[in-house]
>>> print(open('data14.cif').read())   # mmCIF, C-alpha atoms and all ligand atoms
data_input
loop_
_atom_site.label_atom_id
_atom_site.label_comp_id
_atom_site.auth_asym_id
_atom_site.auth_seq_id
_atom_site.Cartn_x
_atom_site.Cartn_y
_atom_site.Cartn_z
CA MET A 96 -7.46 18.76 -23.80
CA PRO A 97 -5.80 20.88 -21.08
CA ALA A 98 -2.22 22.04 -21.64
CA PHE A 99 -0.98 19.83 -18.81
CA GLN A 100 -2.08 16.48 -17.52
CA ALA A 101 -0.78 14.27 -14.71
CA PRO A 102 2.37 12.53 -16.01
CA LYS A 103 1.93 9.09 -17.56
CA GLY A 104 1.60 6.43 -14.92
CA THR A 105 0.50 8.90 -12.23
CA ARG A 106 -2.99 9.87 -11.12
CA ASP A 107 -4.68 12.55 -9.11
CA LEU A 108 -6.48 10.90 -6.26
CA LEU A 109 -9.63 12.97 -5.86
CA PRO A 110 -12.31 12.76 -3.19
CA PRO A 111 -13.82 10.36 -2.27
CA THR A 112 -11.08 7.96 -3.54
CA SER A 113 -8.44 9.92 -1.66
CA THR A 114 -10.44 9.59 1.58
CA ARG A 115 -10.78 5.90 0.95
CA ALA A 116 -7.01 5.53 0.43
CA ARG A 117 -6.36 7.42 3.66
CA GLU A 118 -8.81 5.25 5.57
CA LEU A 119 -7.17 2.13 4.21
CA VAL A 120 -3.83 3.34 5.58
CA ALA A 121 -5.55 4.13 8.90
CA VAL A 122 -6.90 0.57 9.13
CA PHE A 123 -3.41 -0.75 8.43
CA ALA A 124 -1.81 1.60 10.95
CA GLY A 125 -4.32 0.50 13.58
CA LEU A 126 -3.57 -3.19 13.07
CA ALA A 127 0.20 -2.68 12.89
CA GLU A 128 0.38 -0.56 16.04
CA GLN A 129 -1.89 -2.98 17.86
CA ALA A 130 0.76 -5.61 17.03
CA GLY A 131 3.61 -3.54 18.45
CA PHE A 132 4.90 -1.90 15.27
CA GLY A 133 5.98 1.76 15.39
CA GLN A 134 5.93 4.03 12.35
CA VAL A 135 9.06 5.11 10.46
CA VAL A 136 8.98 7.83 7.84
CA PRO A 137 12.01 7.43 5.59
CA PRO A 138 12.96 9.94 2.89
CA MET A 139 11.48 9.54 -0.58
CA PHE A 140 14.91 9.46 -2.23
CA GLU A 141 18.20 7.87 -1.28
CA ASP A 142 21.72 7.50 -2.54
CA LEU A 143 21.34 5.36 -5.67
CA GLY A 144 23.64 2.77 -4.09
CA VAL A 145 21.00 1.91 -1.49
CA PHE A 146 18.65 0.67 -4.19
CA LEU A 147 21.29 -1.06 -6.30
CA ARG A 148 21.30 -3.63 -3.48
CA LEU A 149 17.85 -4.73 -4.66
CA GLY A 150 19.56 -6.78 -7.35
CA GLU A 151 21.52 -6.02 -10.47
CA ALA A 152 19.35 -8.38 -12.51
CA THR A 153 15.95 -7.09 -11.42
CA ASP A 154 13.79 -4.89 -13.64
CA VAL A 155 13.34 -2.58 -10.67
CA VAL A 156 17.05 -1.74 -10.79
CA THR A 157 17.92 -2.10 -14.46
CA LYS A 158 14.89 -0.54 -16.10
CA GLU A 159 12.62 1.18 -13.66
CA MET A 160 14.71 3.38 -11.41
CA TYR A 161 13.98 7.10 -11.27
CA ASP A 162 17.59 8.07 -10.72
CA PHE A 163 19.20 11.41 -11.38
CA GLU A 164 22.10 13.60 -10.46
CA THR A 165 21.36 16.41 -8.01
CA LYS A 166 22.57 19.97 -8.50
CA GLY A 167 25.32 19.08 -6.02
CA GLY A 168 26.46 16.15 -8.17
CA ASP A 169 25.08 13.34 -5.96
CA ARG A 170 23.56 10.32 -7.66
CA VAL A 171 20.17 9.71 -6.04
CA ALA A 172 17.00 7.76 -6.86
CA LEU A 173 13.35 8.06 -5.92
CA ARG A 174 12.53 5.02 -3.81
CA PRO A 175 11.07 2.11 -5.79
CA GLU A 176 10.10 0.46 -2.48
CA LEU A 177 10.43 1.08 1.25
CA THR A 178 12.45 -1.88 2.53
CA ALA A 179 15.90 -0.76 1.41
CA SER A 180 15.35 2.71 2.93
CA ILE A 181 14.13 1.22 6.20
CA VAL A 182 17.12 -1.12 6.42
CA ARG A 183 19.46 1.76 5.58
CA GLY A 184 17.82 3.63 8.49
CA PHE A 185 18.30 0.62 10.74
CA VAL A 186 22.00 0.48 9.94
CA GLU A 187 22.32 4.22 10.48
CA HIS A 188 20.48 4.42 13.83
CA ARG A 189 21.10 0.94 15.30
CA PRO A 190 17.86 0.71 17.29
CA THR A 191 17.42 -2.14 19.75
CA THR A 192 16.13 -5.33 18.22
CA PRO A 193 13.74 -6.77 17.39
CA TRP A 194 12.88 -3.59 15.55
CA LYS A 195 9.24 -3.74 14.47
CA VAL A 196 8.26 -0.89 12.21
CA TRP A 197 5.61 0.04 9.68
CA ALA A 198 5.69 2.65 6.97
CA THR A 199 3.59 4.05 4.16
CA GLY A 200 4.09 6.33 1.22
CA SER A 201 4.61 6.66 -2.48
CA CYS A 202 7.10 4.58 -4.43
CA PHE A 203 8.29 5.16 -7.98
CA ARG A 204 9.01 2.69 -10.75
CA TYR A 205 9.29 3.51 -14.42
CA GLU A 206 6.94 0.74 -15.49
CA ARG A 207 4.63 0.23 -18.44
CA ALA A 208 1.59 2.03 -17.09
CA GLN A 209 -1.73 0.21 -17.09
CA LYS A 210 -4.60 -0.49 -14.71
CA GLY A 211 -3.08 -1.50 -11.40
CA ARG A 212 0.45 -0.71 -12.57
CA TYR A 213 1.56 2.85 -12.05
CA ARG A 214 4.79 4.80 -12.04
CA GLN A 215 3.88 6.34 -8.71
CA PHE A 216 1.96 4.09 -6.34
CA ASP A 217 1.53 3.78 -2.60
CA GLN A 218 2.51 0.97 -0.31
CA VAL A 219 1.86 0.09 3.30
CA ASP A 220 4.76 -1.87 4.70
CA VAL A 221 6.01 -3.65 7.80
CA GLU A 222 9.51 -4.83 8.62
CA VAL A 223 10.95 -6.74 11.57
CA LEU A 224 14.72 -6.63 11.97
CA GLY A 225 16.82 -8.61 14.37
CA THR A 226 15.17 -12.01 14.67
CA ALA A 227 15.20 -15.14 12.53
CA ASP A 228 12.51 -16.77 14.69
CA PRO A 229 9.98 -18.37 12.30
CA GLU A 230 7.25 -17.26 14.73
CA VAL A 231 7.82 -13.74 13.46
CA ASP A 232 7.31 -14.94 9.87
CA ILE A 233 3.94 -16.28 10.98
CA GLU A 234 3.05 -13.06 12.79
CA VAL A 235 4.00 -10.88 9.83
CA ILE A 236 2.15 -12.96 7.25
CA ALA A 237 -0.91 -13.18 9.48
CA LEU A 238 -0.88 -9.40 9.92
CA GLY A 239 -1.17 -8.97 6.14
CA TRP A 240 -3.91 -11.57 6.00
CA ARG A 241 -5.89 -9.98 8.83
CA PHE A 242 -5.59 -6.59 7.16
CA TYR A 243 -7.28 -7.83 4.00
CA GLY A 244 -9.91 -9.47 6.18
CA ALA A 245 -10.48 -6.19 8.05
CA LEU A 246 -11.19 -4.46 4.73
CA GLY A 247 -13.79 -7.12 3.97
CA LEU A 248 -11.81 -8.83 1.19
CA ARG A 249 -12.68 -12.53 0.97
CA GLN A 250 -11.05 -13.53 -2.29
CA VAL A 251 -7.42 -12.75 -1.53
CA SER A 252 -5.20 -15.81 -1.68
CA LEU A 253 -1.80 -16.37 -0.14
CA GLU A 254 1.10 -18.12 -1.85
CA LEU A 255 4.09 -19.24 0.13
CA ASN A 256 7.56 -20.49 -0.74
CA THR A 257 11.01 -20.76 0.75
CA LEU A 258 14.09 -19.60 -1.10
CA GLY A 259 16.42 -21.30 1.38
CA ASP A 260 19.67 -19.83 2.58
CA PRO A 261 22.32 -18.16 0.44
CA GLY A 262 24.42 -21.33 0.81
CA ASP A 263 21.64 -23.38 -0.79
CA ARG A 264 21.47 -21.14 -3.79
CA PRO A 265 24.46 -22.23 -5.96
CA ARG A 266 23.27 -25.84 -6.32
CA TYR A 267 19.79 -24.69 -7.19
CA LEU A 268 21.05 -22.09 -9.66
CA ASP A 269 23.15 -24.82 -11.33
CA ALA A 270 20.04 -26.97 -11.62
CA LEU A 271 18.09 -24.10 -13.15
CA ARG A 272 20.89 -23.33 -15.59
CA ALA A 273 20.98 -26.98 -16.62
CA HIS A 274 17.18 -27.13 -17.00
CA PHE A 275 16.73 -23.94 -19.00
CA GLY A 276 20.07 -24.36 -20.80
CA ALA A 277 18.87 -27.67 -22.24
CA HIS A 278 15.91 -25.89 -23.84
CA LEU A 279 17.37 -22.54 -24.79
CA ASP A 280 15.57 -22.47 -28.14
CA ALA A 281 12.20 -22.64 -26.43
CA LEU A 282 13.00 -19.79 -24.05
CA SER A 283 12.06 -16.17 -24.82
CA GLU A 284 14.92 -13.89 -25.75
CA GLN A 285 14.42 -11.82 -22.61
CA SER A 286 14.60 -14.92 -20.43
CA ARG A 287 17.78 -16.06 -22.15
CA ILE A 288 19.37 -12.78 -21.09
CA THR A 289 17.96 -13.13 -17.58
CA LEU A 290 19.31 -16.68 -17.40
CA GLU A 291 22.82 -15.33 -17.87
CA LYS A 292 22.44 -12.77 -15.10
CA ASN A 293 20.21 -14.49 -12.57
CA PRO A 294 18.61 -17.86 -13.36
CA LEU A 295 16.20 -17.54 -10.42
CA ARG A 296 14.46 -14.62 -12.05
CA VAL A 297 13.58 -16.69 -15.12
CA LEU A 298 11.00 -18.36 -12.87
CA ASP A 299 9.28 -14.99 -12.60
CA SER A 300 8.81 -14.70 -16.38
CA LYS A 301 5.19 -14.00 -17.27
CA ARG A 302 5.84 -14.56 -20.99
CA PRO A 303 3.54 -17.25 -22.40
CA GLU A 304 6.35 -18.88 -24.39
CA ASP A 305 8.26 -19.51 -21.12
CA ALA A 306 5.32 -20.90 -19.18
CA GLU A 307 5.85 -24.58 -19.94
CA LEU A 308 9.57 -24.54 -19.13
CA VAL A 309 9.00 -22.57 -15.93
CA ALA A 310 6.35 -25.03 -14.79
CA ALA A 311 8.74 -27.92 -15.38
CA ALA A 312 11.71 -26.26 -13.63
CA PRO A 313 13.24 -27.86 -10.55
CA ALA A 314 11.69 -26.65 -7.29
CA ILE A 315 13.92 -24.96 -4.75
CA ALA A 316 12.36 -26.93 -1.91
CA ASP A 317 14.44 -29.90 -3.09
CA PHE A 318 17.64 -27.91 -2.64
CA VAL A 319 17.26 -26.10 0.67
CA SER A 320 19.11 -26.93 3.88
CA ASP A 321 17.46 -28.98 6.63
CA ASP A 322 17.42 -25.86 8.75
CA ALA A 323 15.55 -23.79 6.17
CA ARG A 324 13.23 -26.69 5.47
CA SER A 325 12.25 -27.11 9.11
CA ALA A 326 11.78 -23.33 9.51
CA PHE A 327 9.46 -23.42 6.50
CA ALA A 328 7.52 -26.34 7.97
CA ARG A 329 7.09 -24.37 11.19
CA VAL A 330 5.81 -21.33 9.31
CA GLN A 331 3.24 -23.49 7.55
CA ALA A 332 2.14 -25.16 10.80
CA GLY A 333 1.88 -21.75 12.48
CA LEU A 334 -0.32 -20.35 9.73
CA ASP A 335 -2.49 -23.47 9.93
CA ALA A 336 -2.86 -22.94 13.66
CA LEU A 337 -4.03 -19.37 13.07
CA GLY A 338 -6.46 -20.45 10.37
CA VAL A 339 -4.65 -18.49 7.66
CA PRO A 340 -5.10 -20.44 4.41
CA PHE A 341 -2.22 -20.62 1.92
CA THR A 342 -0.87 -22.66 -0.94
CA VAL A 343 2.78 -23.56 -1.32
CA ALA A 344 4.02 -22.18 -4.65
CA PRO A 345 7.38 -23.88 -5.27
CA ARG A 346 8.30 -21.54 -8.13
CA LEU A 347 7.33 -18.29 -6.46
CA VAL A 348 10.29 -15.95 -6.69
CA ARG A 349 9.90 -12.29 -5.99
CA GLY A 350 10.78 -9.32 -8.15
CA LEU A 351 13.58 -8.21 -5.84
CA ASP A 352 16.81 -10.08 -5.19
CA TYR A 353 17.28 -9.78 -1.45
CA TYR A 354 14.99 -12.62 -0.40
CA THR A 355 16.03 -15.69 1.60
CA ARG A 356 13.89 -18.38 3.22
CA THR A 357 10.18 -17.50 3.59
CA THR A 358 8.68 -15.57 0.67
CA PHE A 359 5.01 -14.92 0.01
CA GLU A 360 2.57 -13.10 -2.17
CA PHE A 361 -1.05 -12.06 -1.68
CA ARG A 362 -3.20 -12.19 -4.80
CA GLY A 363 -6.48 -10.41 -5.33
CA VAL A 364 -9.22 -10.62 -7.94
CA GLY A 365 -10.19 -8.16 -10.66
CA LEU A 366 -6.68 -7.06 -11.56
CA GLY A 367 -5.53 -9.23 -14.46
CA ALA A 368 -2.88 -11.91 -14.16
CA SER A 369 0.24 -9.75 -14.23
CA GLN A 370 -1.09 -7.20 -11.71
CA ASP A 371 -2.90 -9.53 -9.36
CA ALA A 372 -0.28 -9.33 -6.60
CA VAL A 373 -1.86 -7.02 -4.06
CA GLY A 374 1.08 -7.51 -1.76
CA GLY A 375 4.21 -9.50 -1.14
CA GLY A 376 7.22 -9.93 1.02
CA GLY A 377 9.58 -12.29 2.71
CA ARG A 378 12.83 -12.72 4.61
CA TYR A 379 15.94 -10.85 3.61
CA ASP A 380 18.55 -12.11 6.02
CA GLY A 381 21.50 -10.65 4.07
CA LEU A 382 20.26 -7.16 3.22
CA THR A 383 21.43 -5.43 6.40
CA GLU A 384 24.97 -6.64 5.80
CA ASP A 385 24.75 -5.61 2.15
CA LEU A 386 23.96 -2.10 3.36
CA GLY A 387 26.96 -2.03 5.68
CA GLY A 388 25.34 -3.20 8.92
CA PRO A 389 25.98 -6.14 11.25
CA PRO A 390 24.48 -9.50 10.22
CA THR A 391 20.78 -9.03 11.06
CA PRO A 392 17.90 -11.16 9.88
CA GLY A 393 14.83 -9.33 8.62
CA ILE A 394 11.37 -9.99 7.27
CA GLY A 395 8.56 -7.82 6.01
CA PHE A 396 6.01 -7.15 3.34
CA ALA A 397 4.56 -4.33 1.31
CA LEU A 398 0.95 -4.15 0.19
CA GLY A 399 -0.02 -1.99 -2.76
CA VAL A 400 -2.61 0.59 -1.68
CA ASP A 401 -3.80 1.24 -5.25
CA ARG A 402 -4.16 -2.43 -6.12
CA THR A 403 -5.80 -3.27 -2.82
CA LEU A 404 -8.44 -0.61 -3.51
CA LEU A 405 -9.00 -2.09 -6.98
CA ALA A 406 -9.44 -5.50 -5.38
CA CYS A 407 -11.96 -3.93 -2.98
CA ASP A 408 -13.86 -2.51 -5.99
CA ALA A 409 -13.87 -5.94 -7.63
CA GLU A 410 -15.27 -7.53 -4.47
CA GLY A 411 -17.62 -4.62 -3.73
CA VAL A 412 -16.19 -4.00 -0.24
CA PHE A 413 -14.63 -1.07 1.62
CA GLY A 414 -16.68 1.48 -0.32
CA ALA A 415 -16.15 5.21 -0.36
CA PRO A 416 -17.02 6.68 3.02
CA THR A 417 -20.38 8.43 3.03
CA GLY A 418 -18.72 11.09 5.18
CA GLY A 419 -19.41 14.68 4.31
CA VAL A 420 -20.66 17.30 6.72
CA ALA A 421 -23.43 16.99 9.30
CA ALA A 422 -24.82 20.50 8.93
CA PHE A 423 -25.23 22.99 6.09
CA VAL A 424 -25.73 26.68 6.75
CA VAL A 425 -27.98 28.64 4.38
CA ASP A 426 -27.42 32.36 4.77
CA VAL A 427 -29.63 34.56 2.58
CA VAL A 428 -28.52 37.79 4.25
CA ASP A 429 -24.92 38.42 3.27
CA GLY A 430 -22.96 35.21 3.92
CA SER A 431 -21.29 36.52 7.09
CA HIS A 432 -23.71 34.66 9.39
CA ALA A 433 -22.82 31.41 7.67
CA THR A 434 -19.14 32.10 8.35
CA VAL A 435 -19.80 32.61 12.08
CA LEU A 436 -22.20 29.66 12.42
CA CYS A 437 -19.91 27.27 10.54
CA ASP A 438 -17.03 28.29 12.78
CA GLN A 439 -19.16 27.73 15.91
CA LEU A 440 -20.34 24.31 14.73
CA ARG A 441 -16.87 23.18 13.65
CA ARG A 442 -15.35 24.23 16.96
CA ALA A 443 -18.02 22.13 18.65
CA GLY A 444 -16.86 19.18 16.53
CA ILE A 445 -19.82 19.25 14.14
CA GLY A 446 -18.89 19.14 10.45
CA ALA A 447 -20.42 22.13 8.67
CA ASP A 448 -20.36 23.64 5.21
CA ARG A 449 -22.07 26.52 3.41
CA ALA A 450 -22.53 28.17 0.02
CA TYR A 451 -20.78 31.27 -1.34
CA ASP A 452 -21.41 34.15 -3.70
CA GLY A 453 -24.83 35.25 -2.36
CA ARG A 454 -26.75 32.45 -4.08
CA SER A 455 -30.55 32.32 -3.91
CA MET A 456 -32.36 30.49 -1.09
CA LYS A 457 -33.41 27.81 -3.58
CA ALA A 458 -29.88 27.30 -4.88
CA GLN A 459 -28.47 27.11 -1.34
CA MET A 460 -31.12 24.60 -0.23
CA LYS A 461 -30.22 22.47 -3.24
CA LYS A 462 -26.58 22.55 -2.14
CA ALA A 463 -27.64 21.61 1.39
CA ASP A 464 -29.54 18.57 0.06
CA GLY A 465 -26.58 17.55 -2.09
CA SER A 466 -24.09 17.88 0.77
CA GLY A 467 -25.38 14.83 2.63
CA ALA A 468 -25.94 16.98 5.74
CA ALA A 469 -28.67 15.86 8.13
CA VAL A 470 -29.50 19.39 9.19
CA ALA A 471 -29.80 22.77 7.48
CA LEU A 472 -29.49 26.04 9.40
CA ILE A 473 -31.29 28.90 7.71
CA VAL A 474 -30.65 32.59 8.40
CA GLY A 475 -32.63 35.41 6.76
CA ASP A 476 -33.31 39.02 7.71
CA GLN A 477 -36.08 38.00 10.07
CA GLU A 478 -33.86 35.54 11.99
CA VAL A 479 -31.13 38.14 12.27
CA GLY A 480 -33.69 40.54 13.72
CA ASP A 481 -34.97 37.89 16.18
CA GLY A 482 -31.56 36.55 17.13
CA THR A 483 -32.62 33.09 15.95
CA VAL A 484 -31.73 30.48 13.36
CA VAL A 485 -34.19 28.13 11.66
CA VAL A 486 -32.96 24.58 12.09
CA LYS A 487 -34.40 22.16 9.57
CA ASP A 488 -34.16 18.40 9.83
CA LEU A 489 -33.46 17.48 6.21
CA ARG A 490 -34.65 13.90 6.67
CA THR A 491 -38.11 14.71 8.08
CA GLY A 492 -38.54 18.23 6.74
CA GLU A 493 -39.45 19.44 10.26
CA GLN A 494 -38.09 22.82 11.23
CA GLU A 495 -38.10 25.21 14.16
CA ALA A 496 -36.59 28.55 15.11
CA VAL A 497 -33.88 28.25 17.78
CA THR A 498 -32.08 31.06 19.58
CA ARG A 499 -28.46 31.64 18.61
CA ASP A 500 -27.32 30.49 22.06
CA ASP A 501 -29.09 27.16 21.74
CA VAL A 502 -28.31 26.41 18.16
CA VAL A 503 -25.18 24.24 18.63
CA ALA A 504 -26.83 22.06 21.29
CA HIS A 505 -29.93 21.70 19.15
CA VAL A 506 -27.98 20.71 16.03
CA ARG A 507 -25.88 18.28 18.07
CA LYS A 508 -29.03 16.56 19.31
CA LEU A 509 -30.47 16.23 15.79
CA VAL A 510 -27.18 15.00 14.34
CA SER A 511 -26.69 12.40 17.08
CA GLU A 512 -30.17 11.06 16.35
CA SER A 513 -29.29 10.55 12.70
P1 LIG B 1 6.91 -5.70 -4.38
O1 LIG B 1 6.32 -7.05 -4.63
O2 LIG B 1 7.83 -5.15 -5.39
O3 LIG B 1 7.63 -5.81 -2.97
O4 LIG B 1 5.75 -4.66 -4.15
C1 LIG B 1 4.76 -4.88 -3.17
C2 LIG B 1 3.41 -4.49 -3.71
O5 LIG B 1 3.42 -3.15 -4.18
C3 LIG B 1 2.95 -5.30 -4.91
O6 LIG B 1 2.38 -6.53 -4.52
C4 LIG B 1 1.92 -4.37 -5.53
O7 LIG B 1 0.68 -4.49 -4.86
C5 LIG B 1 2.49 -3.00 -5.24
N1 LIG B 1 3.16 -2.49 -6.45
C6 LIG B 1 4.40 -2.75 -6.89
N2 LIG B 1 4.65 -2.11 -8.05
C7 LIG B 1 3.52 -1.44 -8.36
C8 LIG B 1 3.12 -0.56 -9.42
N3 LIG B 1 3.96 -0.25 -10.42
N4 LIG B 1 1.87 -0.06 -9.42
C9 LIG B 1 1.02 -0.35 -8.41
N5 LIG B 1 1.33 -1.14 -7.38
C10 LIG B 1 2.57 -1.68 -7.34
C11 LIG B 1 8.27 -4.78 -2.37
O8 LIG B 1 8.18 -3.64 -2.70
C12 LIG B 1 9.05 -5.22 -1.15
N6 LIG B 1 9.72 -4.03 -0.58
C13 LIG B 1 8.17 -5.89 -0.13
C14 LIG B 1 8.88 -6.29 1.11
C15 LIG B 1 8.89 -5.63 2.29
N7 LIG B 1 9.68 -7.34 1.25
C16 LIG B 1 10.17 -7.37 2.46
N8 LIG B 1 9.72 -6.30 3.10
#
>>> encode(input="data14.cif", output="structure tokens", more="lines below")
Ligand code: HAM
Amino acid sequence: MPAFQAPKGTRDLLPPTSTRARELVAVFAGLAEQAGFGQVVPPMFEDLGVFLRLGEATDVVTKEMYDFETKGGDRVALRPELTASIVRGFVEHRPTTPWKVWATGSCFRYERAQKGRYRQFDQVDVEVLGTADPEVDIEVIALGWRFYGALGLRQVSLELNTLGDPGDRPRYLDALRAHFGAHLDALSEQSRITLEKNPLRVLDSKRPEDAELVAAAPAIADFVSDDARSAFARVQAGLDALGVPFTVAPRLVRGLDYYTRTTFEFRGVGLGASQDAVGGGGRYDGLTEDLGGPPTPGIGFALGVDRTLLACDAEGVFGAPTGGVAAFVVDVVDGSHATVLCDQLRRAGIGADRAYDGRSMKAQMKKADGSGAAVALIVGDQEVGDGTVVVKDLRTGEQEAVTRDDVVAHVRKLVSES
């Protein structure tokens, strides 16, 4: 056992997984930018107060925050998500609306670490600030859906709910209090505490002893305003029109408190019931005001990069890129020719690698075969004397001596044929 290991709940992403994670973000970036979203890169930590707006009764705030005091005495926290930072940035910079942005990066939550649940994990995220138009809800949800489709995932499902407007909430909370209050004995101890602080969050309990009561709880749809109801109907019709399948989940509440109206979650396979959310989001029409800005509606989602990759594994899609280099230089003289040839090839845009430490011809050829390269370039004393390089097609075994001047063009031709 080494003296140090990656901290609990964190992982080293090694190649090729790291390449795969980067490509996943690139696919997301491509789709987001094609839909008119620009990238924001917020800081990884903020004044703790920014994140307290996520809800005093959420686990994210009460139990999972990586908060600390800086050497200067400021109370800061590593971001548990991107939305609050992005909205803080919106309030600070006041860009013109609608502000359509995407972001990616690591988030930190002090959670019970297990497969698919980490203390440092990555999200890709979009947010639209400045419009309450339900058409934007449809666009945002469809963007998430299309992203999973672009990765090749076919077993992701979409759950949809509305949480109504803040004005609808008190009546619903009363109904929840009455429902759960009448069966307090049957409720888990944790949920009894949650009920005191925020009855809505009891619906999010994953504890088996709460399941029956949660399933029987009143549905918020019966308590929302006509306005919120008709917006929700429009979102559903819009998704239907785009061919994005969903189910309405009347008891879907999210793990953060800022949501209003449309909320949704994407579920994948192969992750276990409590980690199967590969992504989620919704409207947060009050968050900008909570962070000191003008009343500004907003909607967005975040998709977990780590969990999405696990879902890809489970479905056998979006495999590790075969990548690697196109050419491998075998130098049995002194290694310096490999340095020059690799540099030449790379500058010409051809991926090239080589061996080190004066290894034998046999050992270097083995490396060349293992590198995935299509072509090996071989330099020995004779080639140096002749001013040539032997270029070997590793797929056919054919080889020929090529002058130094022609070598890049020759390799390019062979590589483009592969
Ligand atoms: P969230 O549901 O807390 O929402 O997280 C979004 C996604 O991040 C989850 O569905 C999951 O895939 C991933 N995730 C969360 N926690 C972990 C973890 N401990 N380990 C691995 N993956 C995790 C938000 O963060 C909101 N900011 C989404 C949003 C954006 N709402 C509006 N705009």
>>> residues_around(input="data14.cif", residues="A:Ala127", least_positions_apart="6", cutoff="8 Å", atoms="only C-alpha atoms", output="number ranges by chain")
A: 133, 197, 221, 238
>>> atom_distance(input="data14.cif", atom1="atom C10 of ligand LIG 1 (chain B)", atom2="atom CA of A:Gly338")
27.3 Å
>>> closest_atom_pairs(input="data14.cif", of="chain A", to="ligand LIG 1 (chain B)", cutoff="6 Å", atoms="all atoms listed in the file", output="Markdown table")
| residue | atom | partner | partner_atom | distance |
| --- | --- | --- | --- | --- |
| A:Glu176 | CA | B:LIG1 | O8 | 4.5 |
| A:Leu177 | CA | B:LIG1 | N6 | 5.5 |
| A:Thr178 | CA | B:LIG1 | N6 | 4.7 |
| A:Arg204 | CA | B:LIG1 | N3 | 5.9 |
| A:Glu206 | CA | B:LIG1 | N3 | 6.0 |
| A:Gly211 | CA | B:LIG1 | C9 | 5.2 |
| A:Arg212 | CA | B:LIG1 | N4 | 3.5 |
| A:Tyr213 | CA | B:LIG1 | N4 | 3.9 |
| A:Arg214 | CA | B:LIG1 | N3 | 5.4 |
| A:Phe216 | CA | B:LIG1 | C9 | 5.0 |
| A:Gln218 | CA | B:LIG1 | O5 | 5.7 |
| A:Glu222 | CA | B:LIG1 | N8 | 5.7 |
| A:Gly350 | CA | B:LIG1 | O2 | 5.8 |
| A:Ala372 | CA | B:LIG1 | O6 | 4.4 |
| A:Val373 | CA | B:LIG1 | O7 | 3.7 |
| A:Gly374 | CA | B:LIG1 | O6 | 3.2 |
| A:Gly375 | CA | B:LIG1 | O1 | 4.8 |
| A:Gly376 | CA | B:LIG1 | N7 | 3.6 |
| A:Gly377 | CA | B:LIG1 | C16 | 5.0 |
| A:Ile394 | CA | B:LIG1 | C16 | 5.6 |
| A:Gly395 | CA | B:LIG1 | N8 | 3.5 |
| A:Phe396 | CA | B:LIG1 | C15 | 3.4 |
| A:Ala397 | CA | B:LIG1 | C13 | 4.2 |
| A:Leu398 | CA | B:LIG1 | C2 | 4.6 |
| A:Gly399 | CA | B:LIG1 | O7 | 3.3 |
| A:Asp401 | CA | B:LIG1 | C9 | 6.0 |
| A:Arg402 | CA | B:LIG1 | O7 | 5.4 |
>>> closest_residue(input="data14.cif", among="A:Ala277, A:Ala433, A:Val171, A:Val251", to="A:Tyr451", atoms="all atoms listed in the file")
A:Ala433
>>> atom_distance(input="data14.cif", atom1="atom CA of A:Glu151", atom2="atom CA of A:Gln215")
21.6 Å
>>> atom_distance(input="data14.cif", atom1="atom CA of A:Ala468", atom2="atom CA of A:Glu118")
20.8 Å
>>> closest_residue(input="data14.cif", among="A:Lys195, A:Arg442, A:Arg174, A:Lys210", to="A:Glu234", atoms="only C-alpha atoms")
A:Lys195
>>> residues_around(input="data14.cif", residues="stretch 98-115 of chain A", least_positions_apart="5", cutoff="12 Å", atoms="all atoms listed in the file", output="MDAnalysis selection string")
chainID A and resid 120:122 201:217 246 400:401 403:405 407:408 412:419
>>> closest_atom_pairs(input="data14.cif", of="stretch 411-433 of chain A", to="stretch 474-493 of chain A", cutoff="6 Å", atoms="only C-alpha atoms", output="Markdown table")
| residue | atom | partner | partner_atom | distance |
| --- | --- | --- | --- | --- |
| A:Asp426 | CA | A:Val474 | CA | 4.9 |
| A:Val427 | CA | A:Gly475 | CA | 5.2 |
| A:Val428 | CA | A:Gly475 | CA | 5.4 |
>>> residues_around(input="data14.cif", residues="A:Leu295", least_positions_apart="3", cutoff="10 Å", atoms="only C-alpha atoms", output="list in words")
Ala152, Leu258, Arg264, Tyr267, Leu268, Leu271, Arg272, Thr289, Leu290, Lys292, Leu298, Asp299, Ser300, Ile315, Arg346, Leu347, Val348, Arg349 and Asp352 of chain A
>>> closest_atom_pairs(input="data14.cif", of="stretch 364-397 of chain A", to="stretch 225-230 of chain A", cutoff="9 Å", atoms="all atoms listed in the file", output="Markdown table")
| residue | atom | partner | partner_atom | distance |
| --- | --- | --- | --- | --- |
| A:Arg378 | CA | A:Ala227 | CA | 8.6 |
| A:Asp380 | CA | A:Ala227 | CA | 7.9 |
| A:Pro390 | CA | A:Gly225 | CA | 8.8 |
| A:Thr391 | CA | A:Gly225 | CA | 5.2 |
| A:Pro392 | CA | A:Gly225 | CA | 5.3 |
| A:Gly393 | CA | A:Gly225 | CA | 6.1 |
| A:Ile394 | CA | A:Ala227 | CA | 8.3 |
